[in-house]
file run-v4.pdb (PDB, C-alpha atoms)
MODEL        1
ATOM      1  CA  MET L   1      27.331  13.842  14.933
ATOM      2  CA  ALA L   2      26.111  17.009  13.209
ATOM      3  CA  ARG L   3      23.888  19.369  15.140
ATOM      4  CA  ARG L   4      20.594  20.271  13.604
ATOM      5  CA  PRO L   5      20.250  23.953  12.864
ATOM      6  CA  GLN L   6      18.057  25.769  15.352
ATOM      7  CA  PRO L   7      14.950  27.417  13.883
ATOM      8  CA  ARG L   8      14.860  31.173  13.630
ATOM      9  CA  HIS L   9      12.357  32.558  16.124
ATOM     10  CA  ILE L  10      10.565  35.772  15.200
ATOM     11  CA  THR L  11       7.706  37.810  16.577
ATOM     12  CA  LEU L  12       4.942  38.572  14.114
ATOM     13  CA  GLY L  13       1.958  40.649  15.126
ATOM     14  CA  GLY L  14       2.857  40.142  18.775
ATOM     15  CA  ARG L  15       2.937  36.334  18.406
ATOM     16  CA  GLU L  16       6.033  34.173  18.512
ATOM     17  CA  ALA L  17       6.675  32.227  15.296
ATOM     18  CA  VAL L  18       9.386  30.280  13.492
ATOM     19  CA  ALA L  19      10.780  31.482  10.153
ATOM     20  CA  LEU L  20      11.614  28.913   7.469
ATOM     21  CA  THR L  21      13.360  29.330   4.165
ATOM     22  CA  MET L  22      11.379  28.221   1.105
ATOM     23  CA  GLU L  23      13.601  25.128   0.872
ATOM     24  CA  GLU L  24      12.947  24.231   4.540
ATOM     25  CA  TYR L  25       9.220  24.792   4.038
ATOM     26  CA  GLU L  26       9.145  22.543   0.954
ATOM     27  CA  GLN L  27      11.048  19.839   2.858
ATOM     28  CA  LEU L  28       8.534  20.109   5.696
ATOM     29  CA  ILE L  29       5.581  19.741   3.310
ATOM     30  CA  ALA L  30       7.247  16.739   1.586
ATOM     31  CA  SER L  31       7.806  15.089   4.972
ATOM     32  CA  ARG L  32       4.163  15.633   5.934
ATOM     33  CA  ARG L  33       3.026  13.989   2.675
ATOM     34  CA  GLN L  34       5.295  10.989   3.311
ATOM     35  CA  ILE L  35       3.994  10.600   6.853
ATOM     36  CA  GLY L  36       0.399  10.814   5.609
ATOM     37  CA  GLY L  37       1.030   8.023   3.109
ATOM     38  CA  GLN L  38       2.750   5.894   5.717
ATOM     39  CA  SER L  39      -0.047   6.329   8.246
ATOM     40  CA  ALA L  40      -2.583   5.231   5.615
ATOM     41  CA  ARG L  41      -0.527   2.074   4.995
ATOM     42  CA  VAL L  42      -0.274   1.431   8.739
ATOM     43  CA  ARG L  43      -4.071   1.756   9.048
ATOM     44  CA  VAL L  44      -4.588  -0.838   6.286
ATOM     45  CA  LEU L  45      -2.078  -3.208   7.882
ATOM     46  CA  ALA L  46      -3.780  -2.829  11.275
ATOM     47  CA  GLN L  47      -7.146  -3.727   9.715
ATOM     48  CA  GLN L  48      -5.607  -6.761   8.016
ATOM     49  CA  ALA L  49      -4.014  -7.874  11.284
ATOM     50  CA  LYS L  50      -7.350  -7.528  13.078
ATOM     51  CA  ARG L  51      -9.135  -9.599  10.399
ATOM     52  CA  THR L  52      -6.385 -12.227  10.549
ATOM     53  CA  GLU L  53      -6.679 -12.443  14.322
ATOM     54  CA  GLN L  54     -10.451 -12.862  14.000
ATOM     55  CA  LEU L  55      -9.954 -15.611  11.409
ATOM     56  CA  LEU L  56      -7.502 -17.441  13.666
ATOM     57  CA  ASN L  57      -9.903 -17.236  16.616
ATOM     58  CA  GLU L  58     -12.731 -18.617  14.498
ATOM     59  CA  LEU L  59     -10.476 -21.379  13.130
ATOM     60  CA  ASP L  60      -9.485 -22.282  16.675
ATOM     61  CA  SER L  61     -13.167 -22.526  17.662
ATOM     62  CA  LEU L  62     -13.962 -24.754  14.673
ATOM     63  CA  VAL L  63     -11.076 -27.114  15.320
ATOM     64  CA  ALA L  64     -11.973 -27.372  19.021
ATOM     65  CA  LYS L  65     -15.474 -28.645  18.186
ATOM     66  CA  ASP L  66     -16.138 -32.347  17.857
ATOM     67  CA  ALA L  67     -16.848 -32.731  14.162
ATOM     68  CA  ASP L  68     -16.166 -35.330  11.519
ATOM     69  CA  ALA L  69     -13.500 -34.577   8.933
ATOM     70  CA  ASP L  70     -15.937 -33.753   6.094
ATOM     71  CA  SER L  71     -17.960 -31.357   8.238
ATOM     72  CA  LEU L  72     -14.803 -29.666   9.493
ATOM     73  CA  ARG L  73     -13.470 -29.339   5.937
ATOM     74  CA  ARG L  74     -16.706 -27.686   4.764
ATOM     75  CA  SER L  75     -16.804 -25.371   7.771
ATOM     76  CA  LEU L  76     -13.169 -24.345   7.238
ATOM     77  CA  ALA L  77     -13.764 -23.692   3.533
ATOM     78  CA  ASP L  78     -16.840 -21.549   4.336
ATOM     79  CA  LEU L  79     -14.940 -19.613   6.983
ATOM     80  CA  VAL L  80     -11.962 -18.896   4.715
ATOM     81  CA  ARG L  81     -14.281 -17.865   1.848
ATOM     82  CA  ARG L  82     -16.213 -15.506   4.163
ATOM     83  CA  HIS L  83     -13.016 -13.859   5.388
ATOM     84  CA  ARG L  84     -11.699 -13.470   1.852
ATOM     85  CA  ASP L  85     -14.943 -11.747   0.858
ATOM     86  CA  LEU L  86     -14.611  -9.354   3.841
ATOM     87  CA  GLY L  87     -11.080  -8.427   2.757
ATOM     88  CA  SER L  88     -12.143  -7.443  -0.757
TER      89      SER L  88
ENDMDL
END
call {"tool": "encode", "arguments": {"input": "run-v4.pdb", "output": "structure tokens"}}
result
Amino acid sequence: MARRPQPRHITLGGREAVALTMEEYEQLIASRRQIGGQSARVRVLAQQAKRTEQLLNELDSLVAKDADADSLRRSLADLVRRHRDLGS
């Protein structure tokens, strides 16, 4: 297993800092952009999961009620339509 190179520590204006080459700096910036894009995708997926969980809870409540088949069908269709509209 290859060891990662240790950063070069310097003191600048009395403060400790790390020196990067331009290539290392560009790689760091590219990594930050990738992480930003990934965290945005994770946020969207988390919202979708939360909406799906809410839909399942509401479906469970509807099915648990005593209702005739036609009433249940209408209620399910309304619930699914409402959740689709929220996701848009």
call {"tool": "residues_around", "arguments": {"input": "run-v4.pdb", "residues": "Leu59 (chain L)", "least_positions_apart": "3", "cutoff": "12 Å", "atoms": "only C-alpha atoms", "output": "ChimeraX atom specification"}}
result
/L:52-56,62-65,72-73,75-80,83
call {"tool": "atom_distance", "arguments": {"input": "run-v4.pdb", "atom1": "CA of Arg84 (chain L)", "atom2": "CA of Gln47 (chain L)"}}
result
13.3 Å
call {"tool": "residues_around", "arguments": {"input": "run-v4.pdb", "residues": "region 1-13 of chain L", "least_positions_apart": "5", "cutoff": "12 Å", "atoms": "all atoms listed in the file", "output": "ChimeraX atom specification"}}
result
/L:18-21,24-25
call {"tool": "atom_distance", "arguments": {"input": "run-v4.pdb", "atom1": "CA of Met22 (chain L)", "atom2": "CA of Gly36 (chain L)"}}
result
21.1 Å
call {"tool": "atom_distance", "arguments": {"input": "run-v4.pdb", "atom1": "CA of Glu26 (chain L)", "atom2": "CA of Gln38 (chain L)"}}
result
18.5 Å
call {"tool": "closest_residue", "arguments": {"input": "run-v4.pdb", "among": "L:Arg51, L:Arg41, L:Arg33, L:Arg15", "to": "Asp85 (chain L)", "atoms": "only C-alpha atoms"}}
result
L:Arg51
call {"tool": "decode", "arguments": {"input": "run-v4.pdb", "residues": "region 46-82 of chain L", "atoms": "N, CA, C and O atoms", "output": "short mmCIF file (atom, residue, chain, number, x, y, z; two decimals), in the first residue's frame"}}
result
data_model
loop_
_atom_site.label_atom_id
_atom_site.label_comp_id
_atom_site.auth_asym_id
_atom_site.auth_seq_id
_atom_site.Cartn_x
_atom_site.Cartn_y
_atom_site.Cartn_z
N ALA L 46 -32.75 12.17 0.10
CA ALA L 46 -33.30 12.17 1.46
C ALA L 46 -34.72 12.74 1.47
O ALA L 46 -35.61 12.20 2.15
N GLN L 47 -34.95 13.80 0.69
CA GLN L 47 -36.30 14.36 0.60
C GLN L 47 -37.26 13.37 -0.03
O GLN L 47 -38.40 13.21 0.42
N GLN L 48 -36.81 12.68 -1.08
CA GLN L 48 -37.65 11.68 -1.73
C GLN L 48 -37.97 10.54 -0.78
O GLN L 48 -39.10 10.05 -0.75
N ALA L 49 -36.99 10.11 -0.02
CA ALA L 49 -37.22 9.02 0.95
C ALA L 49 -38.22 9.45 2.01
O ALA L 49 -39.10 8.67 2.39
N LYS L 50 -38.13 10.70 2.46
CA LYS L 50 -39.06 11.20 3.47
C LYS L 50 -40.49 11.25 2.91
O LYS L 50 -41.44 10.85 3.57
N ARG L 51 -40.62 11.73 1.65
CA ARG L 51 -41.96 11.76 1.03
C ARG L 51 -42.51 10.35 0.84
O ARG L 51 -43.70 10.11 1.03
N THR L 52 -41.65 9.42 0.46
CA THR L 52 -42.08 8.04 0.26
C THR L 52 -42.54 7.44 1.58
O THR L 52 -43.56 6.74 1.64
N GLU L 53 -41.80 7.70 2.64
CA GLU L 53 -42.20 7.19 3.96
C GLU L 53 -43.55 7.78 4.38
O GLU L 53 -44.41 7.07 4.90
N GLN L 54 -43.75 9.06 4.11
CA GLN L 54 -45.03 9.69 4.44
C GLN L 54 -46.16 9.04 3.63
O GLN L 54 -47.23 8.75 4.17
N LEU L 55 -45.92 8.80 2.34
CA LEU L 55 -46.92 8.16 1.50
C LEU L 55 -47.26 6.78 2.04
O LEU L 55 -48.44 6.41 2.15
N LEU L 56 -46.25 6.00 2.41
CA LEU L 56 -46.51 4.66 2.93
C LEU L 56 -47.30 4.71 4.23
O LEU L 56 -48.22 3.89 4.43
N ASN L 57 -47.00 5.66 5.10
CA ASN L 57 -47.76 5.80 6.35
C ASN L 57 -49.22 6.14 6.07
O ASN L 57 -50.13 5.60 6.70
N GLU L 58 -49.43 7.05 5.11
CA GLU L 58 -50.80 7.42 4.77
C GLU L 58 -51.54 6.27 4.09
O GLU L 58 -52.73 6.06 4.34
N LEU L 59 -50.84 5.51 3.24
CA LEU L 59 -51.45 4.33 2.62
C LEU L 59 -51.83 3.31 3.69
O LEU L 59 -52.93 2.73 3.64
N ASP L 60 -50.96 3.10 4.64
CA ASP L 60 -51.24 2.17 5.73
C ASP L 60 -52.49 2.60 6.50
O ASP L 60 -53.35 1.77 6.82
N SER L 61 -52.63 3.89 6.76
CA SER L 61 -53.80 4.40 7.48
C SER L 61 -55.07 4.17 6.67
O SER L 61 -56.12 3.78 7.22
N LEU L 62 -55.01 4.43 5.36
CA LEU L 62 -56.18 4.23 4.51
C LEU L 62 -56.62 2.77 4.48
O LEU L 62 -57.80 2.46 4.58
N VAL L 63 -55.67 1.88 4.33
CA VAL L 63 -55.99 0.46 4.22
C VAL L 63 -56.54 -0.07 5.54
O VAL L 63 -57.40 -0.94 5.56
N ALA L 64 -56.08 0.49 6.66
CA ALA L 64 -56.54 0.04 7.97
C ALA L 64 -57.99 0.43 8.25
O ALA L 64 -58.65 -0.20 9.06
N LYS L 65 -58.48 1.46 7.57
CA LYS L 65 -59.86 1.91 7.80
C LYS L 65 -60.84 0.91 7.20
O LYS L 65 -60.55 0.23 6.22
N ASP L 66 -62.02 0.84 7.79
CA ASP L 66 -63.08 0.03 7.20
C ASP L 66 -63.73 0.86 6.10
O ASP L 66 -64.35 1.87 6.34
N ALA L 67 -63.51 0.45 4.88
CA ALA L 67 -64.08 1.18 3.74
C ALA L 67 -64.40 0.17 2.65
O ALA L 67 -63.76 -0.87 2.54
N ASP L 68 -65.42 0.51 1.85
CA ASP L 68 -65.73 -0.37 0.73
C ASP L 68 -64.67 -0.20 -0.34
O ASP L 68 -63.89 0.75 -0.34
N ALA L 69 -64.62 -1.13 -1.27
CA ALA L 69 -63.57 -1.16 -2.28
C ALA L 69 -63.55 0.11 -3.13
O ALA L 69 -62.47 0.64 -3.42
N ASP L 70 -64.72 0.60 -3.55
CA ASP L 70 -64.75 1.81 -4.39
C ASP L 70 -64.23 3.04 -3.64
O ASP L 70 -63.47 3.83 -4.19
N SER L 71 -64.63 3.17 -2.40
CA SER L 71 -64.17 4.31 -1.59
C SER L 71 -62.66 4.23 -1.37
O SER L 71 -61.96 5.24 -1.47
N LEU L 72 -62.16 3.05 -1.09
CA LEU L 72 -60.74 2.86 -0.89
C LEU L 72 -59.96 3.17 -2.16
O LEU L 72 -58.93 3.85 -2.13
N ARG L 73 -60.49 2.72 -3.30
CA ARG L 73 -59.84 2.98 -4.59
C ARG L 73 -59.73 4.48 -4.85
O ARG L 73 -58.67 4.98 -5.25
N ARG L 74 -60.83 5.21 -4.62
CA ARG L 74 -60.83 6.66 -4.81
C ARG L 74 -59.84 7.35 -3.87
O ARG L 74 -59.08 8.23 -4.26
N SER L 75 -59.87 6.93 -2.61
CA SER L 75 -58.97 7.53 -1.62
C SER L 75 -57.51 7.27 -1.97
O SER L 75 -56.66 8.15 -1.84
N LEU L 76 -57.20 6.06 -2.42
CA LEU L 76 -55.83 5.73 -2.82
C LEU L 76 -55.39 6.56 -4.02
O LEU L 76 -54.28 7.08 -4.06
N ALA L 77 -56.29 6.69 -5.01
CA ALA L 77 -55.97 7.48 -6.20
C ALA L 77 -55.72 8.94 -5.83
O ALA L 77 -54.76 9.56 -6.32
N ASP L 78 -56.55 9.50 -4.94
CA ASP L 78 -56.37 10.89 -4.50
C ASP L 78 -55.04 11.05 -3.75
O ASP L 78 -54.31 12.03 -3.97
N LEU L 79 -54.72 10.10 -2.90
CA LEU L 79 -53.49 10.16 -2.13
C LEU L 79 -52.26 10.11 -3.05
O LEU L 79 -51.34 10.91 -2.92
N VAL L 80 -52.25 9.18 -3.98
CA VAL L 80 -51.13 9.06 -4.91
C VAL L 80 -51.00 10.32 -5.75
O VAL L 80 -49.90 10.84 -5.95
N ARG L 81 -52.11 10.86 -6.24
CA ARG L 81 -52.08 12.08 -7.05
C ARG L 81 -51.51 13.26 -6.23
O ARG L 81 -50.68 14.01 -6.72
N ARG L 82 -51.93 13.37 -4.98
CA ARG L 82 -51.46 14.45 -4.11
C ARG L 82 -49.94 14.35 -3.89
O ARG L 82 -49.22 15.34 -3.96
#
